[in-house]
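Below is one structure, written out as structure tokens; comments come after it.
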Amino acid sequence: RRIEHGLGQAIARDELSLVYQPIVARNQLEVTGFEALVRWNTQEYGPISPATFIPIAEESNVIHELGDWILDTALAMVTRFPGQYVSVNFSPRQFRRHNFVGHIMEAVQRAGVTPNRVQIEITETAIFDDAERAAETLYKLRQMGFRIALDDFGTGYSSLYNIRKFALDSLKIDRSFIDGMGRERESAAIVHSIIHLGRALGLEVIAEGVETEAQVQALRLAGASHLQGYFFSRPVAPDAALALAEQRF
Ligand code: G
Ligand code: G
Ligand code: MN
Ligand code: NA
């Protein structure tokens with residue numbers, strides 16, 4: 001409750017910021033996009049992780065105020081990138097908001113950003129409850145030119161039905177599988193299967209949580225189209241992100 005109250009004031013108090021983590025293409029290892037991740041540095045308790053406060057915000061309409069700030073800030077940033085897209089996380093409640101499509105369209109128009117510079121990251125949880133409505137929302141967004149990514153793929157209510165039914169551009173393989181790849185045959189098999197499946201369906205496959213050179217090599221060999229993780233860069237502040245934008249890894 002105290003967190004919920006604090007979140008209501010966080011924007012006015014200027015306690016929120018976004019950091020950006022590069023997403024790197026397989027072949028030349030150039031940066032094709034940046035994932036925006038929110039940070040909250042409270043005056044009273046110091047930094048609080050989004051893993052803690054997003055689920056709390058998600059319990060009330062505070063998520064909308066927060067989500068609007070995140071989207072507007074990310075859109076202002078993408079105009080500074082030399083061509084990359086920005087990938088923004090949307091929680092299930094945001095995605096199911098009344099007129100989500102109109103809302104997001106208005107935001108990009110206000111910012112003067114074309115939809116192809118924006119990737120919308122949602123999880124399977126967001127589309128699970130009302131699949132018909134979710135399919136329609138994703139279809140419209142994709143028609144308008146937004147990129148759609150299914151985040152944390154392989155966890156939660158993962159079903160192959162989802163990737164057939166929904167208009168998607170990319171699958172983001174959950175980092176728990178990447179983490180397990182070098183140790184367990186099972187994780188490696190799952191990673192390979194997701195990559196093959198994604199490619200067969202014409203989707204980009206982004207491997208998350210890439211931390212080591214060995215993972216980079218294994219994932220490139222397996223055919224992942226994009227890589228993201230601490231090996232390349234942690235999520236960094238706007239100026240540092242701009243410095244990374246033209247870099248090859
Ligand atoms: O960046 P970090 O690893 O601390 O993020 C922890 C969790 O918070 C992850 O599940 C991530 O998806 C989520 N998260 C981070 N930034 C955002 C955001 O801007 N919006 C939403 N909805 N979730 C976010
Ligand atoms: O749920 P989502 O995939 O949006 O969560 C992204 C979170 O993953 C961010 O909080 C980010 O800080 C974290 N992250 C990004 N790269 C790595 C990595 O290489 N290793 C680990 N452990 N976490 C990572
Ligand atoms: Mn994400
Ligand atoms: Na993820």
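Labels for the structure tokens follow display order: chains A, B, ..., residues from 1 in each chain, ligands from 1.
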
For this session: Please report, as a PyMOL selection string, each residue of region 30-230 of chain A to which DSSP assigns strand (DSSP E or B) when run on this structure's backbone.
Result: chain A and resi 30-42+46-48+85-89+118-123+147-153+155+170-173+204-207+226-227

Protein and nucleic acid residues within 6 Å of ligand 1 (only C-alpha atoms and all ligand atoms) as a PDB file with N, CA, C and O atoms, in the first residue's frame:
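The result, written out as out_18.pdb:
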```
ATOM      1  N   LEU A  37      13.678  -0.229 -19.926  1.00  0.00           N
ATOM      2  CA  LEU A  37      13.347  -0.836 -18.636  1.00  0.00           C
ATOM      3  C   LEU A  37      13.259   0.261 -17.585  1.00  0.00           C
ATOM      4  O   LEU A  37      14.131   1.127 -17.493  1.00  0.00           O
ATOM      5  N   VAL A  38      12.186   0.229 -16.817  1.00  0.00           N
ATOM      6  CA  VAL A  38      11.938   1.321 -15.877  1.00  0.00           C
ATOM      7  C   VAL A  38      12.727   1.140 -14.577  1.00  0.00           C
ATOM      8  O   VAL A  38      12.981   0.007 -14.138  1.00  0.00           O
ATOM      9  N   SER A  49      12.983  -2.313  -7.164  1.00  0.00           N
ATOM     10  CA  SER A  49      13.003  -3.026  -8.446  1.00  0.00           C
ATOM     11  C   SER A  49      11.617  -3.052  -9.099  1.00  0.00           C
ATOM     12  O   SER A  49      10.598  -3.197  -8.412  1.00  0.00           O
ATOM     13  N   PRO A  50      11.587  -2.964 -10.449  1.00  0.00           N
ATOM     14  CA  PRO A  50      10.303  -3.118 -11.138  1.00  0.00           C
ATOM     15  C   PRO A  50       9.672  -4.487 -10.893  1.00  0.00           C
ATOM     16  O   PRO A  50       8.449  -4.621 -10.952  1.00  0.00           O
ATOM     17  N   ALA A  51      10.499  -5.486 -10.591  1.00  0.00           N
ATOM     18  CA  ALA A  51       9.950  -6.809 -10.273  1.00  0.00           C
ATOM     19  C   ALA A  51       9.066  -6.714  -9.024  1.00  0.00           C
ATOM     20  O   ALA A  51       8.140  -7.506  -8.839  1.00  0.00           O
ATOM     21  N   ILE A  70       6.102   5.798 -19.072  1.00  0.00           N
ATOM     22  CA  ILE A  70       7.130   4.942 -19.682  1.00  0.00           C
ATOM     23  C   ILE A  70       7.080   5.057 -21.209  1.00  0.00           C
ATOM     24  O   ILE A  70       8.103   5.264 -21.872  1.00  0.00           O
ATOM     25  N   ASN A  89       7.907  -2.709 -22.644  1.00  0.00           N
ATOM     26  CA  ASN A  89       7.131  -3.756 -21.970  1.00  0.00           C
ATOM     27  C   ASN A  89       5.754  -3.237 -21.569  1.00  0.00           C
ATOM     28  O   ASN A  89       5.640  -2.149 -20.987  1.00  0.00           O
ATOM     29  N   PHE A  90       4.736  -4.016 -21.867  1.00  0.00           N
ATOM     30  CA  PHE A  90       3.382  -3.672 -21.428  1.00  0.00           C
ATOM     31  C   PHE A  90       2.857  -4.805 -20.556  1.00  0.00           C
ATOM     32  O   PHE A  90       2.961  -5.976 -20.923  1.00  0.00           O
ATOM     33  N   SER A  91       2.319  -4.437 -19.401  1.00  0.00           N
ATOM     34  CA  SER A  91       1.776  -5.456 -18.502  1.00  0.00           C
ATOM     35  C   SER A  91       0.386  -5.867 -19.006  1.00  0.00           C
ATOM     36  O   SER A  91      -0.230  -5.164 -19.801  1.00  0.00           O
TER      37      SER A  91
END
```

Problem set entry | For Ile173 (chain A): contacts at 10 Å, only C-alpha atoms, fewer than 2 positions along chain excluded, given as a PyMOL selection string | chain A and resi 150-155+170-171+175-178+190-191+194-195+205-209+224+227

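Each of A:Gln217, A:Thr125, A:Thr137, A:Gln119 was checked against Ala167 (chain A) using only C-alpha atoms; the smallest atom-to-atom distance is that of A:Thr137.
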
For this session: From region 7-63 of chain A, collect each residue whose DSSP state is alpha helix (DSSP H) and return the set as a PyMOL selection string.
Result: chain A and resi 7-10+50-57+62-63

Emit the selected residues as a short mmCIF file (atom, residue, chain, number, x, y, z; two decimals), in the first residue's frame, including C-alpha atoms.
```
data_model
loop_
_atom_site.label_atom_id
_atom_site.label_comp_id
_atom_site.auth_asym_id
_atom_site.auth_seq_id
_atom_site.Cartn_x
_atom_site.Cartn_y
_atom_site.Cartn_z
CA LEU A 7 4.02 5.31 -7.12
CA GLY A 8 1.24 7.83 -7.43
CA GLN A 9 3.75 10.54 -6.56
CA ALA A 10 6.82 9.10 -8.25
CA PRO A 50 10.30 -3.12 -11.14
CA ALA A 51 9.95 -6.81 -10.27
CA THR A 52 8.52 -5.49 -6.97
CA PHE A 53 6.57 -2.40 -7.98
CA ILE A 54 5.17 -3.34 -11.41
CA PRO A 55 3.01 -6.15 -9.94
CA ILE A 56 1.75 -3.72 -7.29
CA ALA A 57 1.01 -1.03 -9.86
CA VAL A 62 -1.68 3.37 -11.18
CA ILE A 63 -0.27 1.07 -13.88
#
```

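Comparing A:Ala36, A:Leu168, A:Leu219, A:Ala74 by their smallest distance to ligand 3, the closest is A:Ala36 (using only C-alpha atoms and all ligand atoms).
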
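In terms of minimum interatomic distance to Gln247 (chain A), A:Pro22 ranks closest within A:Glu35, A:Arg110, A:Phe100, A:Pro22, counting only C-alpha atoms.
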
For this session: For Arg39 (chain A), list every protein, DNA or RNA residue within 8 Å, evaluated using only C-alpha atoms, and leave out those in the same chain fewer than 6 positions away; present the list as a PyMOL selection string.
Result: chain A and resi 16-19+47-50

Exercise. Of the candidates A:Asn99, A:Ser159, A:Ser87, A:Thr114, which shows the shortest atom-to-atom distance to ligand 2, using only C-alpha atoms and all ligand atoms?
Worked result: A:Ser87

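Closest approach to ligand 2 among A:Ala189, A:Val78, A:Ala222, A:Val210: A:Val210, based on only C-alpha atoms and all ligand atoms.
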
Exercise. Of the candidates A:Gln228, A:Glu65, A:Gln215, A:Leu197, which shows the shortest atom-to-atom distance to ligand 4, using only C-alpha atoms and all ligand atoms?
Worked result: A:Gln228

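Picture a line from CA of Gln43 (chain A) to CA of Asn61 (chain A); it runs 22.6 Å.
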
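Using only C-alpha atoms, the contacts of Asp129 (chain A) at a cut-off of 12 Å, with sequence neighbours closer than 4 positions omitted, comprise Pro92, Arg93, Phe95, Arg96, Thr123, Glu124, Thr125, Arg133, Ala134, Ala135, Tyr157 and Asn162 of chain A.
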
For this session: Would you list the contacts of Gly83 (chain A) as a PyMOL selection string, taking every protein, DNA or RNA residue within 12 Å and counting only C-alpha atoms, but skipping same-chain residues closer than 3 positions in sequence?
Result: chain A and resi 30-34+77-80+86+113-114+116-118+242+245-246

Problem set entry | For Arg26 (chain A): contacts at 8 Å, only C-alpha atoms, fewer than 3 positions along chain excluded, given as a PyMOL selection string | chain A and resi 29+220+223-227
